[in-house]
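Below is one structure, written out as structure tokens; the observations come after it.
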Amino acid sequence: MEKPRRHFGGKICKAWTDRKENCEPGAKSVDDAEVLSLHHKIDTEPDNQQLVGQTTKKNWPDITAIILLVALIAVCWCYANSMYAVADWNLPTTYDGPYAGRDKSDILVYSAFVRAARDGHFAPFHTKFVPELGAPYGANWNDWPYLEYVPLYLIGVLARVVGIFAALNVALILWHTLAGITFYFVARYHKIDILWSFAAALAFGLASFIFSESPDHPMVALCWHVPLFLVVWRWLSDPSGIKPGSKHFWFGMAVGFLAGLLNPYYFAVFCQIVLLTAAVMLIRTHKLNHLISGLSFITATALGLVLINLSPWLYQIRSGRNQGAVVREFQWVEIYALKALDLFVPPLNHHWETFRNFAQWRAHVAILHDEGSYLGIVGTGALLLLLLSAIRAAISRNSLHLPAAAFQVLWIFLFFTTGGLNAIAAAAGFSYLRAGCRLSIVILAISLLYAADWLTRRRTRPQFSAVAAGVCCVIILFDQVPTPPSLEEKSAITRHITSDEKFVAEIESTFPEGAMVFQIPVMDFPESPLRTESSYDHLRPYLYTRHLRFSFGSMKGRPREQWQHDVEKLSLLDAVAEVKRRGFSALCVSRVGYPDGARELEQNLRLLGYNEEIQSAEGDLFCVRLQ
């Protein structure tokens, strides 16, 4: 008996092999019509090469859209920050040199984190001690859970190659592009038209909020994973739920774990809406899989949070908890809460004069603060569409048509608005989520996805959709991309950094390797500004030193750090003697920390015989040799 014949690369005539009959064409046991039909089916099937070609051709529109999206976001970011030459990339997009009347110096502390990560002192899952700071002991950074250790460490690794500020700039442009790409994939997964997916992804990738949080809060600007929340929330709101162990289940676990590794504001709202959705669906369907899946996702988030903070928590267990390291006063929960009006207030560097005037008016009359909640014209339209849809469904008393997205936005407002549930929690002692305005980016993501889905379901003519989406993209570019810094601003940044670099280099050329510099006025770290000096101004020399050690930078709250304040209470003669006794070789004085620019202090030091000074080019710092 002959073996069954193979056809087109190994496709076997299944009817013959199943019946174990002779595969000769004349076999009587096989119906001739069945055989002919089977041959026809095999002959007309496309081979693998044809399938690959068709799949590639089908995906080309999406590939083209992603390439265009990335290019457009990158070009807009470079324009908004005047990043054209290599020298521009080696400068931060802002820099607080001499105090400008505001405490907005987080660019300095994040630059210090990157510097420490570059040197291997700020790695995830390890204790954090920085030998160049907190002299004579070394800075202890284990009492303040930063949460975003992983991205900061990766930026530090990049800084070993390109430098601190260039690495931060690369990270910021990457945050924008990742946000746009993730949103695009989420939209396409929900079968949203490619044009509306592109427009919504562009609005999210170029969100005014991300620009506003850059570069002072780069880990808040790291919000690319927020669109993934929407996928999990939608799956949970489906009556069939998420079966434990399914692909959807493990995807939700991965999203929860990722959220736990990153910014606490985002994982807090992720867990809240997961729990609420699971509870509501349990009541409606009486199926436990909703609750099981929801609690599993929250557990995954908690696991990520515990894992990333395990090292500092273990340190605090061994050394005792430091209650004074992180102080969150209740007032800040109210001051930086989410406010409905600020969702429609454009930034001060908006392209249109009318919008700038409105922003200036708001800044002048506002008692409470905001970090850039502006949704943009397109985002505002998307939110209004969502609200109108919810109102229409409520009026018609059709609860099935009430968008789940509306309930999600409503919950965020109820919890994070001024006087909301977050304020109640803060009054009870939990005040860590003090800047509720940061949740505006989640509202933007929810609104954009709903609007894009709504427009896709309208099934309008392709020509109309193309024109409408194109108009939206043009509005996004002019509305959400801020004006670039002026030549004067760029020159000021360059001048301040050059001054600091030269100042530190002169000190290093004067003193031996490992020399310690005592910085005054004495300031606590972190988040402890003086009346005239921002919180992290003393970190500037650390960014450029190769072998000096500075007194500032160890976390406040432990008895070991109290000695600097004790020295400050002594007379100048005794204070200098104590500083010298502890091994310091120099005093570094920040003039802006003194009402008279430290002129009296400078004169008194000269009277004591300390005449060897090094002045910064900007005149805001001077260093006095003690040894």
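Identifiers for the structure tokens are assigned positionally: chains receive A, B, ... in sequence, residues are indexed from 1 per chain, and ligands are indexed from 1 in the order shown.
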>> Need to verify the contact set: Arg118 (chain A), 9 Å, only C-alpha atoms, exclusion of same-chain residues closer than 6 positions in sequence. Can you return it as a list in words?
In response: Tyr153, Leu154, Ile155, Gly156, Val157, Leu158, Ala159, Arg160 and Ile164 of chain A
> So which residues touch Ala203 (chain A) within 8 Å, counting only C-alpha atoms, skipping near sequence neighbours fewer than 6 positions away, as a PyMOL selection string?
Replying inline: chain A and resi 180+378-379+473+476+480
Could you dump the residues just selected with C-alpha atoms as a PDB file, in the first residue's frame?
ATOM      1  CA  GLY A 180       1.847  58.523  22.139  1.00  0.00           C
ATOM      2  CA  VAL A 378      -9.101  68.683  21.693  1.00  0.00           C
ATOM      3  CA  GLY A 379      -8.952  67.158  25.183  1.00  0.00           C
ATOM      4  CA  CYS A 473      -4.020  67.346  14.624  1.00  0.00           C
ATOM      5  CA  ILE A 476      -3.102  69.941  18.813  1.00  0.00           C
ATOM      6  CA  GLN A 480      -0.470  71.942  23.121  1.00  0.00           C
TER       7      GLN A 480
END
List the spatial neighbours of Phe125 (chain A) as a PDB file with N, CA and C atoms, in the first residue's frame - criterion: any atom at most 10 Å away, only C-alpha atoms, same-chain residues fewer than 2 positions off excluded.
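File out-v1.pdb, as written:
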ATOM      1  N   PHE A 122      22.734  54.879  43.458  1.00  0.00           N
ATOM      2  CA  PHE A 122      21.275  55.028  43.452  1.00  0.00           C
ATOM      3  C   PHE A 122      20.652  53.895  42.653  1.00  0.00           C
ATOM      4  N   ALA A 123      21.066  52.688  42.921  1.00  0.00           N
ATOM      5  CA  ALA A 123      20.586  51.530  42.181  1.00  0.00           C
ATOM      6  C   ALA A 123      19.368  50.926  42.852  1.00  0.00           C
ATOM      7  N   THR A 127      20.690  49.779  49.213  1.00  0.00           N
ATOM      8  CA  THR A 127      20.661  50.966  50.052  1.00  0.00           C
ATOM      9  C   THR A 127      21.345  52.108  49.321  1.00  0.00           C
ATOM     10  N   LYS A 128      20.924  53.334  49.648  1.00  0.00           N
ATOM     11  CA  LYS A 128      21.397  54.515  48.931  1.00  0.00           C
ATOM     12  C   LYS A 128      22.237  55.400  49.853  1.00  0.00           C
ATOM     13  N   TYR A 149      12.869  54.203  41.226  1.00  0.00           N
ATOM     14  CA  TYR A 149      14.293  53.880  41.198  1.00  0.00           C
ATOM     15  C   TYR A 149      14.725  53.343  39.837  1.00  0.00           C
ATOM     16  N   VAL A 150      13.888  52.495  39.227  1.00  0.00           N
ATOM     17  CA  VAL A 150      14.301  51.817  38.000  1.00  0.00           C
ATOM     18  C   VAL A 150      14.536  52.808  36.858  1.00  0.00           C
ATOM     19  N   LEU A 307       8.435  45.494  46.339  1.00  0.00           N
ATOM     20  CA  LEU A 307       9.723  45.099  45.770  1.00  0.00           C
ATOM     21  C   LEU A 307      10.646  46.295  45.588  1.00  0.00           C
ATOM     22  N   ILE A 308      10.108  47.384  45.059  1.00  0.00           N
ATOM     23  CA  ILE A 308      10.959  48.533  44.765  1.00  0.00           C
ATOM     24  C   ILE A 308      11.361  49.267  46.040  1.00  0.00           C
ATOM     25  N   ASN A 309      10.580  49.109  47.123  1.00  0.00           N
ATOM     26  CA  ASN A 309      10.893  49.794  48.378  1.00  0.00           C
ATOM     27  C   ASN A 309      11.440  48.871  49.449  1.00  0.00           C
ATOM     28  N   LEU A 310      11.699  47.634  49.087  1.00  0.00           N
ATOM     29  CA  LEU A 310      12.138  46.670  50.090  1.00  0.00           C
ATOM     30  C   LEU A 310      13.441  47.097  50.763  1.00  0.00           C
ATOM     31  N   SER A 311      14.382  47.576  49.981  1.00  0.00           N
ATOM     32  CA  SER A 311      15.682  47.965  50.536  1.00  0.00           C
ATOM     33  C   SER A 311      15.562  49.113  51.539  1.00  0.00           C
ATOM     34  N   PRO A 312      14.916  50.247  51.192  1.00  0.00           N
ATOM     35  CA  PRO A 312      14.797  51.314  52.201  1.00  0.00           C
ATOM     36  C   PRO A 312      13.952  50.914  53.399  1.00  0.00           C
TER      37      PRO A 312
END
> Got a sec: who's within 12 Å of region 301-306 of chain A, counting only C-alpha atoms, leaving out chain neighbours fewer than 2 positions off, as number ranges by chain?
Replying inline: A: 125, 145-150, 252-264, 266-272, 274, 294-299, 308-314
> Leu388 (chain A): which residues within 12 Å, counting only C-alpha atoms, same-chain residues fewer than 5 positions away excluded, as a count of residues only?
Replying inline: 12
Write out as JSON lines the residues of region 424-539 of chain A that have any atom within 12 Å of an atom of region 547-560 of chain A, one row each with the nearest atom pair and its distance in Å to one decimal, counting only C-alpha atoms, sorted by chain and then rising number.
{"residue": "A:Val504", "atom": "CA", "partner": "A:Leu548", "partner_atom": "CA", "distance": 8.8}
{"residue": "A:Ala505", "atom": "CA", "partner": "A:Leu548", "partner_atom": "CA", "distance": 10.0}
{"residue": "A:Glu506", "atom": "CA", "partner": "A:Leu548", "partner_atom": "CA", "distance": 11.4}
{"residue": "A:Ile507", "atom": "CA", "partner": "A:Leu548", "partner_atom": "CA", "distance": 8.5}
{"residue": "A:Glu508", "atom": "CA", "partner": "A:Leu548", "partner_atom": "CA", "distance": 6.8}
{"residue": "A:Ser509", "atom": "CA", "partner": "A:Leu548", "partner_atom": "CA", "distance": 10.4}
{"residue": "A:Thr510", "atom": "CA", "partner": "A:Leu548", "partner_atom": "CA", "distance": 10.8}
{"residue": "A:Phe511", "atom": "CA", "partner": "A:Leu548", "partner_atom": "CA", "distance": 8.4}
{"residue": "A:Pro512", "atom": "CA", "partner": "A:Leu548", "partner_atom": "CA", "distance": 8.4}
{"residue": "A:Glu513", "atom": "CA", "partner": "A:His547", "partner_atom": "CA", "distance": 5.3}
{"residue": "A:Gly514", "atom": "CA", "partner": "A:Leu548", "partner_atom": "CA", "distance": 5.1}
{"residue": "A:Ala515", "atom": "CA", "partner": "A:Leu548", "partner_atom": "CA", "distance": 5.4}
{"residue": "A:Met516", "atom": "CA", "partner": "A:Arg549", "partner_atom": "CA", "distance": 4.7}
{"residue": "A:Val517", "atom": "CA", "partner": "A:Phe550", "partner_atom": "CA", "distance": 4.9}
{"residue": "A:Phe518", "atom": "CA", "partner": "A:Ser551", "partner_atom": "CA", "distance": 5.1}
{"residue": "A:Gln519", "atom": "CA", "partner": "A:Ser551", "partner_atom": "CA", "distance": 5.9}
{"residue": "A:Ile520", "atom": "CA", "partner": "A:Phe552", "partner_atom": "CA", "distance": 8.8}
{"residue": "A:Pro521", "atom": "CA", "partner": "A:Phe552", "partner_atom": "CA", "distance": 10.0}
{"residue": "A:Val522", "atom": "CA", "partner": "A:Phe552", "partner_atom": "CA", "distance": 7.7}
{"residue": "A:Met523", "atom": "CA", "partner": "A:Phe552", "partner_atom": "CA", "distance": 7.1}
{"residue": "A:Asp524", "atom": "CA", "partner": "A:Lys556", "partner_atom": "CA", "distance": 5.8}
{"residue": "A:Phe525", "atom": "CA", "partner": "A:Met555", "partner_atom": "CA", "distance": 5.1}
{"residue": "A:Pro526", "atom": "CA", "partner": "A:Met555", "partner_atom": "CA", "distance": 6.3}
{"residue": "A:Glu527", "atom": "CA", "partner": "A:Lys556", "partner_atom": "CA", "distance": 9.8}
{"residue": "A:Ser528", "atom": "CA", "partner": "A:Lys556", "partner_atom": "CA", "distance": 9.3}
{"residue": "A:Ser535", "atom": "CA", "partner": "A:Gly553", "partner_atom": "CA", "distance": 10.4}
{"residue": "A:Tyr536", "atom": "CA", "partner": "A:Gly553", "partner_atom": "CA", "distance": 8.5}
{"residue": "A:Asp537", "atom": "CA", "partner": "A:Phe552", "partner_atom": "CA", "distance": 9.9}
{"residue": "A:His538", "atom": "CA", "partner": "A:Phe552", "partner_atom": "CA", "distance": 6.5}
{"residue": "A:Leu539", "atom": "CA", "partner": "A:Gly553", "partner_atom": "CA", "distance": 7.3}
> If you run DSSP on this backbone, which residues of region 277-354 of chain A come out as alpha helix (DSSP H), and could you give them as number ranges by chain?
Replying inline: A: 277-285, 288-319, 330-335, 353-354
